[in-house]
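S.K.: Here you go, this is run-v7.tsv (TSV, C-alpha atoms).
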```
chain	number	residue	atom	x	y	z
A	356	MET	CA	-64.37	13.07	-97.05
A	357	LYS	CA	-65.59	13.48	-100.64
A	358	ARG	CA	-62.72	15.79	-101.44
A	359	ASN	CA	-60.28	13.06	-100.35
A	360	TRP	CA	-61.54	10.88	-103.22
A	361	LEU	CA	-61.46	13.45	-106.04
A	362	LEU	CA	-57.83	13.05	-107.00
A	363	PRO	CA	-57.77	9.23	-106.62
A	364	ILE	CA	-60.89	8.99	-108.83
A	365	PHE	CA	-59.24	11.25	-111.42
A	366	VAL	CA	-56.15	9.02	-111.38
A	367	GLY	CA	-58.43	5.98	-111.70
A	368	LEU	CA	-60.12	7.48	-114.78
A	369	ILE	CA	-56.74	8.24	-116.37
A	370	THR	CA	-55.70	4.64	-115.64
A	371	ALA	CA	-58.93	3.32	-117.18
A	372	GLY	CA	-58.31	5.29	-120.37
A	373	ALA	CA	-54.69	4.19	-120.62
A	374	VAL	CA	-55.48	0.52	-120.00
A	375	TRP	CA	-58.42	0.65	-122.46
A	376	HIS	CA	-56.18	2.04	-125.20
A	377	GLY	CA	-53.30	-0.29	-124.31
A	378	THR	CA	-55.60	-3.31	-124.50
A	379	LEU	CA	-56.86	-2.29	-127.94
A	380	LEU	CA	-53.29	-1.74	-129.15
A	381	ALA	CA	-52.04	-5.07	-127.74
A	382	THR	CA	-54.95	-7.21	-129.02
A	383	PRO	CA	-53.80	-7.53	-132.68
A	384	TYR	CA	-50.26	-8.53	-131.64
A	385	ALA	CA	-51.59	-11.10	-129.17
A	386	LEU	CA	-54.13	-12.64	-131.56
A	387	MET	CA	-51.60	-12.65	-134.43
A	388	SER	CA	-49.06	-14.41	-132.22
A	389	VAL	CA	-51.62	-17.09	-131.35
A	390	ALA	CA	-52.60	-17.45	-135.03
A	391	LEU	CA	-48.97	-17.76	-136.16
A	392	ASP	CA	-48.28	-20.48	-133.58
A	393	LYS	CA	-51.42	-22.36	-134.60
A	394	ILE	CA	-50.67	-22.13	-138.32
A	395	ALA	CA	-46.93	-22.81	-138.17
A	396	THR	CA	-46.95	-25.79	-135.77
A	397	GLY	CA	-43.17	-25.44	-135.61
A	398	ARG	CA	-42.60	-24.91	-139.34
A	399	ILE	CA	-41.00	-21.53	-140.03
A	400	ASN	CA	-39.96	-20.06	-143.38
A	401	THR	CA	-41.62	-22.79	-145.43
A	402	PHE	CA	-45.01	-23.07	-147.08
A	403	VAL	CA	-47.72	-25.25	-145.55
A	404	PHE	CA	-50.33	-26.29	-148.12
A	405	THR	CA	-53.63	-26.70	-146.32
A	406	GLN	CA	-56.70	-28.55	-147.56
A	407	LEU	CA	-59.82	-26.62	-148.57
A	408	SER	CA	-61.62	-25.22	-145.53
A	409	THR	CA	-64.56	-27.17	-144.14
A	410	ALA	CA	-66.45	-27.09	-140.84
A	411	ASP	CA	-63.88	-29.61	-139.56
A	412	ASN	CA	-60.86	-27.76	-140.95
A	413	GLN	CA	-60.78	-24.06	-140.01
A	414	PRO	CA	-57.20	-22.96	-139.31
A	415	ILE	CA	-58.23	-19.30	-139.03
A	416	VAL	CA	-61.46	-17.44	-138.34
A	417	ARG	CA	-63.79	-16.63	-141.27
A	418	PRO	CA	-62.13	-18.94	-143.84
A	419	SER	CA	-63.45	-19.05	-147.40
A	420	PRO	CA	-64.32	-22.59	-148.53
A	421	ASP	CA	-63.76	-21.47	-152.14
A	422	LEU	CA	-60.08	-20.68	-151.72
A	423	SER	CA	-57.04	-22.92	-151.46
A	424	TYR	CA	-54.83	-21.43	-148.76
A	425	SER	CA	-51.07	-21.87	-148.51
A	426	THR	CA	-49.31	-20.31	-145.54
A	427	CYS	CA	-45.74	-19.46	-144.61
A	428	VAL	CA	-45.03	-18.15	-141.13
A	429	PHE	CA	-41.81	-16.19	-141.57
A	430	ASP	CA	-39.13	-14.88	-139.25
A	431	LEU	CA	-36.64	-12.31	-140.54
A	432	ALA	CA	-34.40	-12.47	-137.46
A	433	ASN	CA	-31.69	-14.29	-139.42
A	434	GLY	CA	-32.04	-12.51	-142.75
A	435	PRO	CA	-34.40	-11.98	-145.69
A	436	VAL	CA	-37.05	-14.52	-146.64
A	437	LEU	CA	-37.67	-15.08	-150.35
A	438	LEU	CA	-41.07	-15.92	-151.81
A	439	ASP	CA	-41.41	-17.45	-155.28
A	440	ILE	CA	-45.09	-17.82	-156.13
A	441	GLU	CA	-46.07	-20.14	-158.95
A	442	PRO	CA	-48.92	-18.68	-161.04
A	443	VAL	CA	-52.10	-20.71	-161.54
A	444	PRO	CA	-53.48	-20.04	-165.03
A	445	ASP	CA	-57.11	-18.94	-165.37
A	446	HIS	CA	-57.69	-18.71	-161.62
A	447	TYR	CA	-57.65	-15.76	-159.28
A	448	TRP	CA	-54.60	-16.03	-157.02
A	449	SER	CA	-52.82	-13.66	-154.69
A	450	ILE	CA	-49.96	-13.54	-152.22
A	451	SER	CA	-50.47	-11.29	-149.20
A	452	ILE	CA	-47.99	-10.40	-146.47
A	453	PHE	CA	-49.31	-9.73	-142.95
A	454	ASP	CA	-47.10	-8.24	-140.26
A	455	ALA	CA	-47.14	-8.96	-136.52
A	456	ARG	CA	-49.74	-6.19	-136.02
A	457	THR	CA	-52.05	-7.82	-138.64
A	458	ASP	CA	-51.46	-4.99	-141.14
A	459	VAL	CA	-51.08	-5.94	-144.79
A	460	ALA	CA	-47.54	-5.08	-145.88
A	461	ALA	CA	-48.10	-6.12	-149.49
A	462	VAL	CA	-50.54	-7.90	-151.80
A	463	ARG	CA	-49.75	-9.11	-155.30
A	464	SER	CA	-52.32	-10.93	-157.39
A	465	ASP	CA	-52.37	-12.31	-160.91
A	466	ARG	CA	-53.87	-8.91	-161.89
A	467	ASP	CA	-50.68	-7.21	-160.67
A	468	THR	CA	-48.23	-9.67	-162.22
A	469	GLY	CA	-50.10	-10.09	-165.52
A	470	GLY	CA	-50.39	-13.81	-164.78
A	471	LYS	CA	-46.66	-14.23	-164.22
A	472	SER	CA	-45.04	-15.46	-161.01
A	473	ALA	CA	-44.53	-13.16	-158.03
A	474	ARG	CA	-41.04	-12.93	-156.53
A	475	LEU	CA	-40.89	-11.07	-153.23
A	476	ALA	CA	-38.03	-10.50	-150.77
A	477	LEU	CA	-39.26	-9.95	-147.21
A	478	ILE	CA	-36.73	-7.73	-145.47
A	479	ARG	CA	-36.13	-5.51	-142.47
A	480	GLU	CA	-34.65	-2.06	-142.92
A	481	GLY	CA	-31.05	-2.24	-144.11
A	482	MET	CA	-31.13	-5.81	-145.40
A	483	ALA	CA	-29.71	-6.38	-148.88
A	484	ILE	CA	-32.22	-7.15	-151.64
A	485	PRO	CA	-31.41	-10.12	-153.88
A	486	LYS	CA	-31.51	-9.50	-157.62
A	487	GLY	CA	-34.81	-10.25	-159.33
A	488	TYR	CA	-36.93	-9.86	-156.21
A	489	GLU	CA	-39.34	-7.08	-155.29
A	490	PRO	CA	-38.56	-5.88	-151.76
A	491	VAL	CA	-41.24	-5.83	-149.06
A	492	GLU	CA	-39.90	-4.03	-146.00
A	493	LEU	CA	-41.46	-5.03	-142.69
A	494	ARG	CA	-41.46	-3.37	-139.27
A	495	TYR	CA	-41.40	-6.67	-137.41
A	496	ASP	CA	-39.46	-9.92	-137.80
A	497	LYS	CA	-42.47	-12.19	-137.70
A	498	GLY	CA	-45.55	-12.39	-139.89
A	499	LEU	CA	-47.43	-14.50	-142.39
A	500	ALA	CA	-47.32	-14.94	-146.16
A	501	LEU	CA	-50.64	-16.25	-147.46
A	502	ILE	CA	-51.46	-17.56	-150.94
A	503	ARG	CA	-55.12	-17.61	-151.95
A	504	ILE	CA	-56.19	-19.51	-155.08
A	505	LEU	CA	-59.80	-19.51	-156.22
A	506	THR	CA	-61.06	-23.09	-156.26
A	507	THR	CA	-64.79	-23.05	-156.94
A	508	ASP	CA	-64.81	-26.47	-158.59
A	509	ALA	CA	-63.52	-29.31	-156.42
A	510	ALA	CA	-62.55	-31.17	-159.60
A	511	ASP	CA	-59.87	-28.49	-160.20
A	512	TYR	CA	-58.30	-29.00	-156.79
A	513	PRO	CA	-55.73	-31.75	-157.66
A	514	ALA	CA	-54.32	-29.69	-160.55
A	515	ILE	CA	-54.27	-26.49	-158.45
A	516	ASP	CA	-52.67	-28.34	-155.56
A	517	ALA	CA	-49.89	-29.67	-157.82
A	518	ILE	CA	-49.13	-26.17	-159.14
A	519	ARG	CA	-49.18	-24.36	-155.80
A	520	ARG	CA	-46.70	-26.84	-154.31
A	521	LYS	CA	-44.06	-25.37	-156.67
A	522	SER	CA	-44.25	-22.10	-154.70
A	523	THR	CA	-41.46	-21.64	-152.17
A	524	CYS	CA	-40.79	-19.65	-149.02
A	525	LYS	CA	-37.22	-19.86	-147.83
A	526	GLN	CA	-34.62	-17.98	-145.86
A	527	LEU	CA	-31.82	-16.45	-147.91
B	1081	MET	CA	-58.84	5.23	-94.94
B	1082	LYS	CA	-55.26	5.96	-95.79
B	1083	PRO	CA	-54.61	8.02	-98.97
B	1084	TRP	CA	-52.55	5.30	-100.66
B	1085	LEU	CA	-55.43	2.87	-100.26
B	1086	ARG	CA	-57.80	5.27	-101.97
B	1087	TYR	CA	-55.38	5.57	-104.92
B	1088	ALA	CA	-54.85	1.81	-105.03
B	1089	ILE	CA	-58.60	1.15	-105.12
B	1090	CYS	CA	-59.22	3.71	-107.86
B	1091	ILE	CA	-56.27	2.58	-109.99
B	1092	LEU	CA	-57.31	-1.06	-109.68
B	1093	LEU	CA	-60.92	-0.31	-110.57
B	1094	GLY	CA	-59.76	1.86	-113.47
B	1095	ALA	CA	-57.46	-0.84	-114.82
B	1096	VAL	CA	-60.10	-3.56	-114.57
B	1097	GLY	CA	-62.77	-1.30	-116.03
B	1098	GLY	CA	-60.59	-0.08	-118.91
B	1099	CYS	CA	-59.48	-3.59	-119.82
B	1100	GLY	CA	-62.99	-5.01	-119.51
B	1101	TYR	CA	-64.51	-2.27	-121.65
B	1102	ALA	CA	-61.87	-2.79	-124.36
B	1103	ILE	CA	-62.52	-6.55	-124.40
B	1104	SER	CA	-66.28	-6.04	-124.57
B	1105	GLN	CA	-65.83	-3.64	-127.49
B	1106	VAL	CA	-63.54	-6.03	-129.37
B	1107	ARG	CA	-65.82	-9.02	-128.74
B	1108	GLY	CA	-68.94	-7.01	-129.56
B	1109	ASP	CA	-70.68	-6.71	-132.90
B	1110	TYR	CA	-68.06	-6.99	-135.64
B	1111	THR	CA	-70.14	-4.85	-137.94
B	1112	ALA	CA	-70.61	-1.98	-135.48
B	1113	LYS	CA	-69.30	1.34	-136.78
B	1114	GLN	CA	-68.90	-0.04	-140.29
B	1115	ILE	CA	-70.53	1.51	-143.34
B	1116	SER	CA	-74.15	0.28	-143.57
B	1117	ASN	CA	-76.18	-0.45	-146.68
B	1118	GLY	CA	-79.44	-2.26	-145.99
B	1119	PRO	CA	-78.55	-5.41	-144.03
B	1120	TRP	CA	-74.92	-5.26	-145.21
B	1121	ASN	CA	-71.97	-3.66	-143.42
B	1122	ALA	CA	-68.43	-3.11	-144.69
B	1123	ASN	CA	-65.34	-1.08	-144.04
B	1124	THR	CA	-62.72	0.11	-146.48
B	1125	ILE	CA	-59.72	0.57	-144.18
B	1126	GLN	CA	-59.17	-2.88	-142.66
B	1127	GLY	CA	-55.64	-4.18	-142.96
B	1128	THR	CA	-54.27	-0.71	-143.61
B	1129	GLU	CA	-52.40	1.89	-141.61
B	1130	LYS	CA	-55.63	3.94	-141.53
B	1131	ALA	CA	-57.44	1.39	-139.38
B	1132	THR	CA	-58.17	2.60	-135.86
B	1133	ALA	CA	-56.98	0.58	-132.88
B	1134	LEU	CA	-60.52	-0.71	-132.33
B	1135	ILE	CA	-61.07	-1.72	-135.97
B	1136	ARG	CA	-57.67	-3.44	-136.04
B	1137	ALA	CA	-58.47	-5.35	-132.85
B	1138	LYS	CA	-61.94	-6.35	-134.11
B	1139	VAL	CA	-60.54	-7.55	-137.44
B	1140	ALA	CA	-57.86	-9.55	-135.60
B	1141	LEU	CA	-60.58	-11.38	-133.66
B	1142	HIS	CA	-63.32	-11.74	-136.27
B	1143	GLY	CA	-61.52	-11.66	-139.62
B	1144	ILE	CA	-57.75	-11.97	-139.23
B	1145	MET	CA	-55.79	-12.08	-142.52
B	1146	ALA	CA	-58.53	-10.09	-144.30
B	1147	LEU	CA	-57.36	-8.41	-147.48
B	1148	PRO	CA	-57.43	-4.64	-148.06
B	1149	ALA	CA	-60.37	-3.22	-149.98
B	1150	LYS	CA	-58.63	-2.86	-153.34
B	1151	GLU	CA	-58.10	-6.60	-153.37
B	1152	ALA	CA	-61.30	-7.79	-151.68
B	1153	MET	CA	-64.40	-6.22	-150.18
B	1154	TYR	CA	-66.21	-8.02	-147.38
B	1155	TYR	CA	-69.87	-7.18	-146.81
B	1156	ILE	CA	-71.38	-8.80	-143.73
B	1157	ALA	CA	-75.11	-9.16	-142.98
B	1158	LYS	CA	-76.36	-10.16	-139.54
B	1159	THR	CA	-79.98	-9.26	-140.29
B	1160	ASP	CA	-82.43	-9.68	-143.14
B	1161	SER	CA	-83.54	-6.73	-145.24
B	1162	ASP	CA	-86.29	-5.94	-142.70
B	1163	GLY	CA	-83.74	-5.65	-139.90
B	1164	ALA	CA	-84.57	-8.93	-138.10
B	1165	PRO	CA	-81.56	-11.00	-136.93
B	1166	LEU	CA	-80.74	-13.93	-139.23
B	1167	ASN	CA	-82.06	-17.12	-137.64
B	1168	GLY	CA	-80.86	-20.59	-138.64
B	1169	LYS	CA	-84.36	-22.00	-138.19
B	1170	CYS	CA	-85.75	-19.69	-140.89
B	1171	THR	CA	-85.68	-19.81	-144.68
B	1172	TYR	CA	-84.47	-16.78	-146.64
B	1173	THR	CA	-84.19	-15.82	-150.29
B	1174	VAL	CA	-81.07	-13.89	-151.22
B	1175	ARG	CA	-81.72	-12.04	-154.45
B	1176	GLY	CA	-79.44	-9.77	-156.45
B	1177	GLY	CA	-78.28	-8.55	-159.82
B	1178	PRO	CA	-74.93	-8.21	-161.54
B	1179	LEU	CA	-72.11	-7.36	-159.10
B	1180	ASP	CA	-69.21	-5.40	-160.54
B	1181	ALA	CA	-66.36	-7.60	-159.37
B	1182	ARG	CA	-64.10	-10.24	-160.81
B	1183	TRP	CA	-65.61	-12.88	-158.57
B	1184	TRP	CA	-67.98	-13.06	-155.62
B	1185	SER	CA	-69.32	-15.55	-153.13
B	1186	VAL	CA	-71.66	-15.61	-150.12
B	1187	THR	CA	-70.52	-17.66	-147.10
B	1188	LEU	CA	-72.52	-18.51	-143.97
B	1189	TYR	CA	-70.78	-18.23	-140.57
B	1190	TYR	CA	-71.74	-18.45	-136.92
B	1191	GLY	CA	-70.15	-16.90	-133.85
B	1192	GLU	CA	-66.90	-15.04	-134.49
B	1193	GLY	CA	-66.81	-16.40	-138.04
B	1194	TRP	CA	-66.87	-20.19	-138.20
B	1195	LEU	CA	-68.27	-22.50	-140.87
B	1196	VAL	CA	-71.37	-24.40	-139.73
B	1197	LYS	CA	-71.56	-28.18	-139.74
B	1198	ASN	CA	-74.33	-29.35	-142.07
B	1199	GLU	CA	-75.34	-32.54	-143.83
B	1200	ALA	CA	-74.73	-31.13	-147.30
B	1201	ASN	CA	-71.14	-30.07	-146.47
B	1202	ARG	CA	-71.82	-26.75	-148.18
B	1203	TRP	CA	-70.75	-23.45	-146.67
B	1204	SER	CA	-70.89	-20.93	-149.49
B	1205	VAL	CA	-72.51	-20.04	-152.79
B	1206	PRO	CA	-69.94	-19.03	-155.42
B	1207	GLY	CA	-71.09	-16.33	-157.80
B	1208	ASN	CA	-71.10	-18.66	-160.80
B	1209	LYS	CA	-73.65	-21.07	-159.28
B	1210	PRO	CA	-77.02	-19.25	-159.25
B	1211	VAL	CA	-78.89	-19.23	-162.57
B	1212	ARG	CA	-79.22	-15.76	-164.17
B	1213	ASP	CA	-82.22	-14.39	-165.98
B	1214	SER	CA	-81.85	-12.28	-169.11
B	1215	ASN	CA	-81.06	-9.20	-166.97
B	1216	GLY	CA	-78.38	-10.99	-164.97
B	1217	ASN	CA	-80.58	-11.26	-161.86
B	1218	TRP	CA	-80.13	-14.30	-159.64
B	1219	SER	CA	-81.30	-15.77	-156.35
B	1220	PHE	CA	-80.56	-18.62	-153.95
B	1221	THR	CA	-82.09	-20.00	-150.77
B	1222	VAL	CA	-80.67	-20.05	-147.25
B	1223	SER	CA	-82.51	-22.64	-145.19
B	1224	PRO	CA	-82.19	-25.39	-142.57
B	1225	LYS	CA	-84.11	-27.69	-144.95
B	1226	ILE	CA	-83.08	-29.10	-148.32
B	1227	THR	CA	-84.62	-26.96	-151.04
B	1228	SER	CA	-84.65	-27.04	-154.81
B	1229	GLY	CA	-82.23	-24.83	-156.72
B	1230	VAL	CA	-79.11	-23.38	-155.21
B	1231	TRP	CA	-79.30	-23.89	-151.44
B	1232	LEU	CA	-77.08	-22.72	-148.58
B	1233	PRO	CA	-77.71	-24.73	-145.38
B	1234	THR	CA	-77.95	-23.01	-142.00
B	1235	GLY	CA	-77.47	-26.22	-140.01
B	1236	GLY	CA	-80.43	-25.12	-137.87
B	1237	ILE	CA	-78.30	-22.94	-135.60
B	1238	ASP	CA	-79.79	-20.05	-133.62
B	1239	SER	CA	-78.05	-17.17	-135.39
B	1240	PHE	CA	-75.63	-16.68	-138.27
B	1241	ASP	CA	-74.21	-14.07	-140.57
B	1242	LEU	CA	-73.66	-13.96	-144.33
B	1243	THR	CA	-70.40	-12.63	-145.78
B	1244	LEU	CA	-70.43	-11.37	-149.35
B	1245	ARG	CA	-66.86	-11.46	-150.67
B	1246	LEU	CA	-66.03	-9.49	-153.79
B	1247	TYR	CA	-62.57	-9.83	-155.29
B	1248	HIS	CA	-61.32	-6.92	-157.40
B	1249	ALA	CA	-64.55	-5.03	-156.83
B	1250	LYS	CA	-65.18	-1.88	-158.85
B	1251	GLY	CA	-67.39	1.21	-158.73
B	1252	ASN	CA	-69.47	1.88	-155.65
B	1253	LEU	CA	-68.85	-1.64	-154.35
B	1254	LEU	CA	-65.25	-0.55	-153.76
B	1255	THR	CA	-65.34	3.19	-153.30
B	1256	ASP	CA	-68.77	3.96	-151.82
B	1257	PRO	CA	-70.28	0.91	-150.06
B	1258	ALA	CA	-73.20	2.98	-148.76
B	1259	LYS	CA	-74.41	3.58	-152.32
B	1260	ALA	CA	-73.59	0.18	-153.82
B	1261	THR	CA	-76.41	-1.98	-155.16
B	1262	LEU	CA	-76.34	-5.10	-153.00
B	1263	PRO	CA	-78.44	-8.28	-152.74
B	1264	THR	CA	-81.60	-8.34	-150.63
B	1265	ILE	CA	-82.27	-10.93	-147.93
B	1266	LYS	CA	-85.95	-11.79	-147.56
B	1267	LYS	CA	-87.34	-14.02	-144.82
B	1268	GLU	CA	-89.77	-16.57	-146.25
B	1269	SER	CA	-90.73	-18.73	-143.26
B	1270	CYS	CA	-89.52	-20.18	-139.95
B	1271	THR	CA	-89.88	-23.62	-138.42
```
Take the structure in the file and give it back as structure tokens.
M.R.:
Amino acid sequence: MKRNWLLPIFVGLITAGAVWHGTLLATPYALMSVALDKIATGRINTFVFTQLSTADNQPIVRPSPDLSYSTCVFDLANGPVLLDIEPVPDHYWSISIFDARTDVAAVRSDRDTGGKSARLALIREGMAIPKGYEPVELRYDKGLALIRILTTDAADYPAIDAIRRKSTCKQL
Amino acid sequence: MKPWLRYAICILLGAVGGCGYAISQVRGDYTAKQISNGPWNANTIQGTEKATALIRAKVALHGIMALPAKEAMYYIAKTDSDGAPLNGKCTYTVRGGPLDARWWSVTLYYGEGWLVKNEANRWSVPGNKPVRDSNGNWSFTVSPKITSGVWLPTGGIDSFDLTLRLYHAKGNLLTDPAKATLPTIKKESCT
């Protein structure tokens, strides 16, 4: 009787291990997909300039209320996406690229650019790189480009908002 | 019982158990298995290829779009410096010295990482707000009640965590979180 269950229990344990690992592997893709849908609300390959985070405005988990966030949900299925990031003088700013697995494909801040603008071309393998752009090769078509700008004084927000709206995210 | 039924039962139980365990791990304590330093916990591999499947899944749930360590370090405290869970009905003093980073802030979150509704509409203390003494030491209060000086409201919730963000951190803050000099969190009183 007991011997009849040994092999099925072994197979059950193997299944448990495989499903456990598969669930962990699938979770980032699933949560990123939900986050991209929530952030994009139908707008792809264009920046969305969100208000400062408050208890009533939390587009993503663990937002910083001291940062102005601008987001571009991108899709490389139809070609490269170009990012032109307008620098904000005397403020920390960065542009970060997250892939569909939530990994960071690239980060460029004002420290990296010496205060100048950042110009990135988001591409898949084999896509041509436009002149004047730094290539960022991704393993997936979809992902998120996120601008953070330090905004510790609310009085600075209108000026920062005007500058950041010059940044663009567009399909080539 | 037929053999195929034994296999079916075991495979089903294995699948449910494996999936359930993975979900409980991902939803569990975000700071588990991170590098500890007093009440603070951090990891240096989030957002990178080096992150394990579990760390990647936990970050996706509790801190999606987090930056890699060289850009920003995130230290999270769920307890005070004596190891007691942070309670929104208690008053705490957060005290520290100079932090070797371009900029820092402390933000209060509840649950998976959400800002707490409060009357003051204040959710974080930027590093430039607390007054420094001649040695660069500073402090601020975390409390459900309005207090003098720099005050971070808890909203009176049952439990919360504090996230210390450091952008362009240097020294041990970036390379050896276990040895970094970090702020203390002292419980003063509870209502």
S.K.: With only C-alpha atoms counted, which protein, DNA or RNA residues have an atom no more than 8 Å from (-58.0, -17.9, -151.7) in the file frame? Please answer as a PyMOL selection string.
M.R.: chain A and resi 419+421-424+447-449+502-506
S.K.: Hey, which bits of chain A sit within 8 Å of chain B, and for each residue what's the closest pair of atoms and how far apart in Å (one decimal), counting all atoms listed in the file, rows by chain and increasing number, as a Markdown table?
M.R.:
```
| residue | atom | partner | partner_atom | distance |
| --- | --- | --- | --- | --- |
| A:Asn359 | CA | B:Pro1083 | CA | 7.7 |
| A:Trp360 | CA | B:Arg1086 | CA | 6.9 |
| A:Pro363 | CA | B:Tyr1087 | CA | 4.7 |
| A:Ile364 | CA | B:Cys1090 | CA | 5.6 |
| A:Val366 | CA | B:Ile1091 | CA | 6.6 |
| A:Gly367 | CA | B:Ile1091 | CA | 4.4 |
| A:Leu368 | CA | B:Gly1094 | CA | 5.8 |
| A:Ile369 | CA | B:Gly1094 | CA | 7.6 |
| A:Thr370 | CA | B:Gly1094 | CA | 5.4 |
| A:Ala371 | CA | B:Gly1094 | CA | 4.1 |
| A:Gly372 | CA | B:Gly1098 | CA | 6.0 |
| A:Ala373 | CA | B:Gly1098 | CA | 7.5 |
| A:Val374 | CA | B:Gly1098 | CA | 5.3 |
| A:Trp375 | CA | B:Gly1098 | CA | 4.2 |
| A:His376 | CA | B:Ala1102 | CA | 7.5 |
| A:Thr378 | CA | B:Cys1099 | CA | 6.1 |
| A:Leu379 | CA | B:Ala1133 | CA | 5.7 |
| A:Leu380 | CA | B:Ala1133 | CA | 5.7 |
| A:Thr382 | CA | B:Ala1137 | CA | 5.5 |
| A:Pro383 | CA | B:Ala1137 | CA | 5.2 |
| A:Leu386 | CA | B:Ala1140 | CA | 6.3 |
| A:Met387 | CA | B:Ala1140 | CA | 7.1 |
| A:Thr409 | CA | B:Leu1195 | CA | 6.8 |
| A:Ala410 | CA | B:Leu1195 | CA | 4.9 |
| A:Asp411 | CA | B:Lys1197 | CA | 7.8 |
| A:Gln413 | CA | B:Trp1194 | CA | 7.4 |
| A:Ile415 | CA | B:Ile1144 | CA | 7.3 |
| A:Val416 | CA | B:Gly1193 | CA | 5.5 |
| A:Arg417 | CA | B:Gly1193 | CA | 4.4 |
| A:Pro418 | CA | B:Trp1194 | CA | 7.5 |
| A:Ser419 | CA | B:Thr1187 | CA | 7.2 |
| A:Pro420 | CA | B:Trp1203 | CA | 6.7 |
| A:Asp421 | CA | B:Pro1206 | CA | 7.4 |
| A:Ser451 | CA | B:Leu1147 | CA | 7.7 |
| A:Phe453 | CA | B:Met1145 | CA | 6.9 |
| A:Thr457 | CA | B:Gly1127 | CA | 6.7 |
| A:Asp458 | CA | B:Gly1127 | CA | 4.6 |
| A:Val459 | CA | B:Gly1127 | CA | 5.2 |
| A:Val462 | CA | B:Glu1151 | CA | 7.8 |
| A:Thr507 | CA | B:Pro1206 | CA | 6.7 |
```
S.K.: Output the selection as a compact mmCIF listing (two decimals), keeping the file's coordinate frame - C-alpha atoms for each residue.
M.R.:
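To be explicit, this is the file written out as out04.txt:
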```txt
# COMPACT_ATOMS: atom_id res chain seq x y z
CA ASN A 359 -60.28 13.06 -100.35
CA TRP A 360 -61.54 10.88 -103.22
CA PRO A 363 -57.77 9.23 -106.62
CA ILE A 364 -60.89 8.99 -108.83
CA VAL A 366 -56.15 9.02 -111.38
CA GLY A 367 -58.43 5.98 -111.70
CA LEU A 368 -60.12 7.48 -114.78
CA ILE A 369 -56.74 8.24 -116.37
CA THR A 370 -55.70 4.64 -115.64
CA ALA A 371 -58.93 3.32 -117.18
CA GLY A 372 -58.31 5.29 -120.37
CA ALA A 373 -54.69 4.19 -120.62
CA VAL A 374 -55.48 0.52 -120.00
CA TRP A 375 -58.42 0.65 -122.46
CA HIS A 376 -56.18 2.04 -125.20
CA THR A 378 -55.60 -3.31 -124.50
CA LEU A 379 -56.86 -2.29 -127.94
CA LEU A 380 -53.29 -1.74 -129.15
CA THR A 382 -54.95 -7.21 -129.02
CA PRO A 383 -53.80 -7.53 -132.68
CA LEU A 386 -54.13 -12.64 -131.56
CA MET A 387 -51.60 -12.65 -134.43
CA THR A 409 -64.56 -27.17 -144.14
CA ALA A 410 -66.45 -27.09 -140.84
CA ASP A 411 -63.88 -29.61 -139.56
CA GLN A 413 -60.78 -24.06 -140.01
CA ILE A 415 -58.23 -19.30 -139.03
CA VAL A 416 -61.46 -17.44 -138.34
CA ARG A 417 -63.79 -16.63 -141.27
CA PRO A 418 -62.13 -18.94 -143.84
CA SER A 419 -63.45 -19.05 -147.40
CA PRO A 420 -64.32 -22.59 -148.53
CA ASP A 421 -63.76 -21.47 -152.14
CA SER A 451 -50.47 -11.29 -149.20
CA PHE A 453 -49.31 -9.73 -142.95
CA THR A 457 -52.05 -7.82 -138.64
CA ASP A 458 -51.46 -4.99 -141.14
CA VAL A 459 -51.08 -5.94 -144.79
CA VAL A 462 -50.54 -7.90 -151.80
CA THR A 507 -64.79 -23.05 -156.94
```
S.K.: Any idea what's packed within 12 Å of Phe402 in chain A, counting only C-alpha atoms, ignoring anything in its chain fewer than 6 positions away? Could you give it as an MDAnalysis selection string?
M.R.: chainID A and resid 394:396 424:429 436:440 450 499:502 519:526
S.K.: If we count only C-alpha atoms and set the cut-off at 9 Å, which residues sit around range 1212-1216 of chain B, ignoring sequence neighbours fewer than 2 positions away in its own chain? Please answer as number ranges by chain.
M.R.: B: 1176-1178, 1210, 1218-1219
S.K.: Which residues, written as a PyMOL selection string, have at least one atom at most 10 Å from Ser1239 in chain B, with all atoms listed in the file counted and residues fewer than 2 positions away on the same chain left out?
M.R.: chain B and resi 1158-1159+1165-1170+1189-1191+1234+1236-1237+1241
S.K.: Pick out the closest residue to Gln1114 in chain B from this set: B:Ala1164, B:Asn1217, B:Thr1261, B:Ala1157. Count all atoms listed in the file.
M.R.: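 Closest to Gln1114 in chain B of all the choices is B:Ala1157.
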S.K.: Which residue, B:Asp1109, B:Trp1231, B:Ser1104, B:Ile1156, has the smallest gap to Pro1257 in chain B when you use all atoms listed in the file?
M.R.: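 Closest residue, counting all atoms listed in the file: B:Ile1156.
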S.K.: Rounded to one decimal in Å, what is the spacing between CA of Phe404 in chain A and CA of Ala1181 in chain B?
M.R.: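 That distance, rounded to one decimal, is 27.1 Å.
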S.K.: Could you jot down the CA of Ala381 in chain A to CA of Gly1108 in chain B separation for me, Å, one decimal place?
M.R.: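 Going from CA of Ala381 in chain A over to CA of Gly1108 in chain B covers 17.1 Å.
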S.K.: Please, what distance in Å, to one decimal, runs between CA of Lys1266 in chain B and CA of Ala1149 in chain B?
M.R.: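 Atom-to-atom, CA of Lys1266 in chain B to CA of Ala1149 in chain B, that is 27.1 Å.
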S.K.: My list of candidates is B:Met1153, B:Leu1179, B:Ile1226, B:Cys1270. Which is closest to Asn1121 in chain B when distances are computed with only C-alpha atoms?
M.R.: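 The closest residue to Asn1121 in chain B is B:Met1153.
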S.K.: Using all atoms listed in the file, pick whichever of B:Ala1260, B:Val1230, B:Leu1242, B:Ala1249 has the shortest atom-to-atom distance to Thr1111 in chain B.
M.R.: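 Ranked by minimum distance to Thr1111 in chain B, first place goes to B:Leu1242.
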